[in-house]
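Reproduced below: final_30.csv, with CSV, C-alpha atoms.
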chain,number,residue,atom,x,y,z
A,1,MET,CA,0.0,0.0,0.0
A,2,THR,CA,1.4,3.4,-0.8
A,3,LEU,CA,1.4,6.4,1.6
A,4,ALA,CA,-0.9,8.3,-0.8
A,5,GLU,CA,-3.6,5.6,-0.4
A,6,ILE,CA,-3.2,5.6,3.4
A,7,VAL,CA,-3.5,9.4,3.5
A,8,LYS,CA,-6.7,9.2,1.4
A,9,ARG,CA,-8.3,6.3,3.3
A,10,LEU,CA,-7.5,7.6,6.8
A,11,ASN,CA,-8.1,11.2,5.8
A,12,LEU,CA,-4.7,12.4,7.0
A,13,LYS,CA,-3.5,15.9,6.6
A,14,VAL,CA,-0.1,16.2,4.9
A,15,TYR,CA,2.2,18.9,6.4
A,16,ALA,CA,5.5,18.2,4.5
A,17,GLY,CA,7.4,15.9,2.3
A,18,GLU,CA,4.7,15.4,-0.3
A,19,GLY,CA,7.3,14.1,-2.7
A,20,GLY,CA,7.3,10.9,-0.7
A,21,LEU,CA,3.6,10.1,-1.1
A,22,ALA,CA,4.2,7.4,-3.7
A,23,ARG,CA,6.4,5.5,-1.3
A,24,PRO,CA,5.2,2.0,-0.3
A,25,VAL,CA,4.4,1.5,3.4
A,26,SER,CA,4.9,-1.8,5.2
A,27,GLY,CA,3.3,-1.8,8.6
A,28,GLY,CA,3.7,0.7,11.4
A,29,TYR,CA,5.1,1.5,14.8
A,30,ALA,CA,3.5,3.6,17.5
A,31,GLY,CA,5.7,5.3,20.2
A,32,ASP,CA,6.8,8.5,21.8
A,33,LEU,CA,10.1,7.4,23.3
A,34,LEU,CA,12.8,8.0,20.7
A,35,SER,CA,15.1,5.2,21.8
A,36,ASP,CA,12.2,2.8,21.7
A,37,VAL,CA,11.4,3.8,18.1
A,38,ILE,CA,15.1,3.7,17.1
A,39,ALA,CA,15.3,0.2,18.6
A,40,HIS,CA,12.0,-1.4,17.4
A,41,SER,CA,10.7,0.4,14.3
A,42,ARG,CA,11.6,-1.0,10.9
A,43,LYS,CA,12.3,0.3,7.4
A,44,ASP,CA,9.2,1.5,5.4
A,45,GLN,CA,6.9,1.7,8.5
A,46,LEU,CA,4.5,4.4,9.3
A,47,TRP,CA,5.5,6.0,12.6
A,48,ILE,CA,2.6,7.1,14.8
A,49,THR,CA,3.6,9.6,17.5
A,50,LEU,CA,2.7,12.8,19.4
A,51,GLN,CA,6.3,14.1,19.4
A,52,ILE,CA,6.4,17.1,17.0
A,53,HIS,CA,9.9,18.5,17.7
A,54,PRO,CA,12.6,18.4,15.0
A,55,ASN,CA,14.5,15.5,16.5
A,56,VAL,CA,11.9,13.1,15.2
A,57,ILE,CA,13.2,13.7,11.7
A,58,ALA,CA,16.6,12.2,12.5
A,59,VAL,CA,15.0,9.1,13.9
A,60,ALA,CA,12.8,8.7,10.8
A,61,ALA,CA,15.8,9.3,8.5
A,62,LEU,CA,18.0,6.9,10.4
A,63,LYS,CA,15.5,4.1,10.3
A,64,ASP,CA,14.3,4.8,6.7
A,65,LEU,CA,10.7,5.1,8.0
A,66,ALA,CA,8.1,5.8,5.3
A,67,ALA,CA,6.4,8.7,7.1
A,68,ILE,CA,5.5,10.2,10.5
A,69,VAL,CA,1.9,10.7,11.6
A,70,PHE,CA,1.2,13.1,14.4
A,71,VAL,CA,-1.9,12.2,16.5
A,72,ASN,CA,-4.4,14.1,18.6
A,73,GLY,CA,-4.4,17.1,16.2
A,74,ARG,CA,-0.8,18.0,16.9
A,75,GLU,CA,1.0,19.9,14.2
A,76,PRO,CA,4.7,19.8,13.5
A,77,ALA,CA,6.9,22.6,14.7
A,78,PRO,CA,8.1,24.8,11.8
A,79,GLU,CA,11.7,23.6,12.2
A,80,THR,CA,10.3,20.0,12.1
A,81,ALA,CA,8.6,20.7,8.8
A,82,ALA,CA,11.7,22.4,7.3
A,83,GLN,CA,13.9,19.4,8.3
A,84,ALA,CA,11.4,17.0,6.9
A,85,GLU,CA,11.5,18.7,3.5
A,86,LYS,CA,15.2,18.5,3.5
A,87,GLU,CA,15.3,14.9,4.4
A,88,ARG,CA,12.3,14.1,2.3
A,89,ILE,CA,10.3,12.5,5.1
A,90,PRO,CA,6.5,13.0,4.7
A,91,LEU,CA,4.8,14.4,7.7
A,92,CYS,CA,1.1,13.7,8.2
A,93,GLY,CA,-1.4,14.4,10.9
A,94,THR,CA,-4.8,13.3,12.3
A,95,THR,CA,-7.1,14.4,15.1
A,96,LEU,CA,-7.5,10.7,16.1
A,97,SER,CA,-5.6,9.3,19.0
A,98,ALA,CA,-2.6,6.9,18.5
A,99,TYR,CA,-4.9,4.0,19.5
A,100,GLU,CA,-7.6,4.8,17.0
A,101,LEU,CA,-5.3,5.6,14.2
A,102,ALA,CA,-3.3,2.4,14.6
A,103,GLY,CA,-6.5,0.4,14.8
A,104,ARG,CA,-7.8,1.9,11.5
A,105,ALA,CA,-4.5,1.5,9.7
A,106,TYR,CA,-4.4,-2.1,10.8
A,107,ALA,CA,-8.0,-2.6,9.7
A,108,LEU,CA,-7.0,-1.3,6.2
A,109,GLY,CA,-4.6,-4.2,6.0
A,110,LEU,CA,-1.5,-2.2,6.6
A,111,LEU,CA,0.5,-5.0,8.0
A,112,GLU,CA,4.1,-6.1,8.0
A,113,LYS,CA,5.2,-7.6,4.7
B,1,MET,CA,44.5,-4.2,5.4
B,2,GLY,CA,45.7,-3.4,8.9
B,3,GLU,CA,44.7,-0.8,11.4
B,4,GLU,CA,47.0,1.9,9.9
B,5,SER,CA,45.1,1.8,6.6
B,6,ALA,CA,41.6,1.9,8.1
B,7,PHE,CA,39.1,4.5,6.9
B,8,ARG,CA,38.9,7.1,9.7
B,9,GLN,CA,36.8,10.1,10.4
B,10,GLU,CA,36.2,12.1,13.5
B,11,PHE,CA,32.8,13.7,14.3
B,12,PRO,CA,32.7,16.3,17.1
B,13,VAL,CA,29.5,16.6,19.1
B,14,THR,CA,28.6,19.6,21.3
B,15,GLY,CA,26.7,19.1,24.6
B,16,GLY,CA,23.2,20.6,24.7
B,17,ASP,CA,23.1,21.1,21.0
B,18,PHE,CA,19.6,19.6,20.4
B,19,ALA,CA,19.1,21.6,17.2
B,20,ARG,CA,21.8,19.4,15.5
B,21,ALA,CA,20.9,16.2,17.2
B,22,GLY,CA,21.0,13.3,14.9
B,23,LYS,CA,23.2,15.0,12.3
B,24,VAL,CA,26.4,13.0,13.2
B,25,SER,CA,24.6,9.7,13.3
B,26,CYS,CA,22.9,10.4,9.9
B,27,GLU,CA,26.4,11.2,8.4
B,28,ILE,CA,27.8,8.0,9.8
B,29,LYS,CA,24.9,6.0,8.5
B,30,ASN,CA,25.2,7.5,5.0
B,31,LEU,CA,29.0,6.9,5.0
B,32,ALA,CA,28.5,3.2,6.0
B,33,LYS,CA,26.0,2.9,3.2
B,34,GLU,CA,28.2,4.5,0.7
B,35,LEU,CA,31.1,2.3,1.7
B,36,GLY,CA,28.9,-0.7,0.8
B,37,LEU,CA,28.4,-2.2,4.2
B,38,SER,CA,25.4,-4.6,4.4
B,39,ASP,CA,22.0,-3.3,5.4
B,40,ARG,CA,22.2,-5.2,8.7
B,41,VAL,CA,25.5,-3.6,9.6
B,42,VAL,CA,24.3,-0.1,8.5
B,43,ARG,CA,21.2,-0.5,10.7
B,44,ARG,CA,23.2,-1.5,13.8
B,45,VAL,CA,25.8,1.2,13.3
B,46,ALA,CA,23.0,3.8,12.8
B,47,ILE,CA,21.3,2.8,16.1
B,48,ALA,CA,24.5,2.8,18.1
B,49,SER,CA,25.8,6.1,16.7
B,50,TYR,CA,22.4,7.8,17.4
B,51,GLU,CA,22.4,6.7,21.0
B,52,ALA,CA,26.1,7.7,21.5
B,53,GLU,CA,25.5,11.1,19.9
B,54,MET,CA,22.4,11.7,22.0
B,55,ASN,CA,24.2,10.8,25.2
B,56,ILE,CA,26.8,13.4,24.6
B,57,ILE,CA,24.2,16.0,23.7
B,58,MET,CA,22.1,15.2,26.8
B,59,TYR,CA,24.8,14.7,29.4
B,60,ALA,CA,28.3,15.9,28.4
B,61,ARG,CA,29.9,19.3,27.7
B,62,GLU,CA,31.4,18.0,24.5
B,63,GLY,CA,32.6,14.8,22.9
B,64,ARG,CA,33.3,13.0,19.7
B,65,LEU,CA,32.6,9.9,17.7
B,66,ASN,CA,35.7,8.4,16.0
B,67,LEU,CA,34.7,6.1,13.2
B,68,SER,CA,37.1,3.6,11.8
B,69,ILE,CA,36.3,1.0,9.2
B,70,THR,CA,38.5,-2.0,8.0
B,71,PRO,CA,37.3,-4.9,5.9
B,72,ASP,CA,36.6,-6.9,9.1
B,73,ARG,CA,34.9,-4.5,11.3
B,74,VAL,CA,33.4,-1.1,12.0
B,75,ARG,CA,34.5,0.6,15.2
B,76,ILE,CA,33.1,3.7,16.9
B,77,ILE,CA,35.1,5.2,19.8
B,78,VAL,CA,33.1,7.7,21.7
B,79,GLU,CA,34.8,10.0,24.2
B,80,ASP,CA,33.2,12.8,26.1
B,81,SER,CA,34.1,15.4,28.8
B,82,GLY,CA,31.1,15.0,31.1
B,83,PRO,CA,29.9,13.9,34.4
B,84,GLY,CA,30.9,10.2,33.9
B,85,ILE,CA,28.7,7.3,35.1
B,86,GLU,CA,28.6,6.5,38.8
B,87,ASP,CA,27.1,3.0,38.5
B,88,ILE,CA,27.7,1.4,35.1
B,89,GLU,CA,25.6,-1.7,35.9
B,90,LEU,CA,22.6,0.5,36.9
B,91,ALA,CA,23.1,2.7,33.8
B,92,MET,CA,23.1,-0.4,31.6
B,93,THR,CA,19.8,-1.5,33.0
B,94,GLU,CA,17.0,-0.9,30.5
B,95,GLY,CA,14.6,1.7,31.8
B,96,TYR,CA,17.0,3.4,34.2
B,97,SER,CA,17.7,7.0,33.2
B,98,THR,CA,19.0,10.2,34.8
B,99,ALA,CA,17.4,12.4,32.1
B,100,THR,CA,15.6,15.6,33.3
B,101,PRO,CA,11.8,15.8,33.1
B,102,GLU,CA,12.2,18.3,30.2
B,103,MET,CA,14.2,15.7,28.2
B,104,ARG,CA,11.6,13.0,29.0
B,105,GLU,CA,8.8,15.1,27.8
B,106,LEU,CA,10.6,15.3,24.4
B,107,GLY,CA,10.8,11.5,24.3
B,108,PHE,CA,14.4,11.2,25.4
B,109,GLY,CA,15.5,9.5,28.6
B,110,ALA,CA,13.8,6.1,27.9
B,111,GLY,CA,16.8,4.5,29.7
B,112,MET,CA,17.6,2.5,26.6
B,113,GLY,CA,20.6,4.2,25.2
B,114,LEU,CA,23.5,2.1,26.6
B,115,SER,CA,21.5,-1.1,26.2
B,116,ASN,CA,20.6,-0.3,22.6
B,117,MET,CA,24.3,0.3,21.9
B,118,LYS,CA,25.3,-3.0,23.5
B,119,LYS,CA,22.5,-5.0,21.8
B,120,ASN,CA,23.5,-3.8,18.4
B,121,ALA,CA,27.3,-4.2,18.8
B,122,ASP,CA,29.4,-7.3,18.7
B,123,ILE,CA,31.8,-5.9,21.3
B,124,PHE,CA,30.9,-3.2,23.7
B,125,GLU,CA,33.3,-1.7,26.1
B,126,ILE,CA,32.8,1.2,28.5
B,127,SER,CA,35.1,3.0,30.8
B,128,THR,CA,34.2,6.1,32.8
B,129,GLU,CA,35.5,8.3,35.5
B,130,VAL,CA,33.1,10.3,37.6
B,131,GLY,CA,33.6,14.1,37.1
B,132,ARG,CA,35.7,13.6,34.0
B,133,GLY,CA,34.0,11.7,31.2
B,134,THR,CA,33.1,8.4,29.5
B,135,ARG,CA,34.7,6.4,26.8
B,136,LEU,CA,32.8,3.8,24.8
B,137,GLU,CA,34.3,1.4,22.2
B,138,ILE,CA,31.6,-0.1,20.0
B,139,THR,CA,32.7,-2.7,17.5
B,140,PHE,CA,30.7,-4.4,14.7
B,141,LEU,CA,32.2,-7.4,13.0
B,142,THR,CA,31.5,-7.4,9.3
B,143,ASN,CA,33.8,-10.3,8.2
B,144,GLY,CA,34.6,-8.5,5.0
B,145,GLN,CA,31.0,-8.8,3.8
B,146,ARG,CA,29.6,-6.1,1.6
B,147,ALA,CA,26.1,-5.4,0.4
Before anything else, please render the file you have as structure tokens.
Amino acid sequence: MTLAEIVKRLNLKVYAGEGGLARPVSGGYAGDLLSDVIAHSRKDQLWITLQIHPNVIAVAALKDLAAIVFVNGREPAPETAAQAEKERIPLCGTTLSAYELAGRAYALGLLEK
Amino acid sequence: MGEESAFRQEFPVTGGDFARAGKVSCEIKNLAKELGLSDRVVRRVAIASYEAEMNIIMYAREGRLNLSITPDRVRIIVEDSGPGIEDIELAMTEGYSTATPEMRELGFGAGMGLSNMKKNADIFEISTEVGRGTRLEITFLTNGQRA
């Protein structure tokens, strides 16, 4: 499933990195502790978090994550969006909670390949 | 190829510089990739360098990551001028952290840094002196394998 399909079906807002929407996504990881995400997320996953500060971009870039989705209506800080454009990491958002978003993504069939 | 002909590069890190956090580990990861190391090694090197870089930024005044690569192994020597670690065993325990509440709010201080480094390395050595600093030697064996 591509990120563009997920954005459409889960009605996500795209804040930055639109160039990466064609990217295929394989599963996801939800977490707000950066070391936990660094340790356990995998390449091409969707990262669901409420952390909006610029340090999330390095984590996503290091782990080759497909995109970051901010939950609970949180919007990325301006430096975060600028970094994301530079590193070409798509940033999305939703008003749903992490629990609800993960559940809906899972129900779409967004599972690990 | 012996130690003397290893690929070497030094990456300085400034304590408290959260704005540049992750830059050094991204550079190291990209270098490892460009040098043709396998995906598995690149992934492990990236995780360990990120945690080492963040530890300097969070706790030390300044420090550096010294990367050296030979056909058999990747090694990162991390040295900082900082508070040192009082109880290494405790610090290695997953979940234990001395991070401030402000750092925790940003998602740092999970108490996984040192254990993440150790888990991803083949050889992990740590020496520290309270009040002076900490030195880590993180080695990844590659056995000459390239991607």
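Residues from chain B that have an atom within 7 Å of chain A, counting all atoms listed in the file, are B:Ala21, B:Gly22, B:Cys26, B:Ala46, B:Ile47, B:Leu106, B:Gly107, B:Phe108, B:Ala110, B:Met112, B:Gly113, B:Asn116.
Going from atom CA of B:Thr98 to atom CA of B:Tyr59 covers 9.1 Å.
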Looking at A:Ala81, A:Ala60, A:Ile89, A:Leu46, which one is nearest to A:Val7, with distances taken over only C-alpha atoms? A:Leu46
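Remark: for B:Ala91, the closest of the candidate residues B:Gly63, B:Gly131, B:Gly111, B:Pro12 is B:Gly111 (distances computed over all atoms listed in the file).
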When you count all atoms listed in the file, which of these residues is closest to A:Ala84: A:Ala105, A:Ala16, A:Leu110, A:Val25? A:Ala16
Show which residues sit within 12 Å of B:Asp87, as a count of residues only. Count only C-alpha atoms, and ignore same-chain residues fewer than 6 positions away. 9
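Of the residues listed (A:Glu85, A:Thr2, A:Glu18, A:Phe70), A:Phe70 shows the shortest atom-to-atom separation from A:Leu101; distances use only C-alpha atoms.
Between atom CA of B:Ala48 and atom CA of A:Leu91 the separation is 25.1 Å.
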Just the residues within 10 Å of A:Leu12, please, counting all atoms listed in the file, with nothing from its chain fewer than 4 positions along; format it as JSON, numbers by chain. {"A": [4, 6, 7, 8, 69, 70, 71, 91, 92, 93, 94, 95, 96, 101]}
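Each of B:Ser38, B:Ser115, B:Ala60, B:Val78 was compared to B:Gly95 using only C-alpha atoms, and B:Ser115 turns out to be the nearest.
As for atom CA of B:Ile88 and atom CA of B:Arg135, they are spaced 12.0 Å apart.
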Using all atoms listed in the file, which residue out of A:Glu5, A:Glu100, A:Glu112, A:Asp44 lies closest to A:Ala66? A:Asp44
When you look at B:Ile123 with a cut-off of 12 Å (counting all atoms listed in the file), what residues show up, excluding the ones that are within fewer than 6 positions of it in the same chain? I need them as an MDAnalysis selection string. chainID B and resid 48 73:77 117 136:141
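For the point (21.2, 19.2, 17.7) in file coordinates, the residues within 6 Å, using only C-alpha atoms, are Asp17, Phe18, Ala19, Arg20 and Ala21 of chain B.
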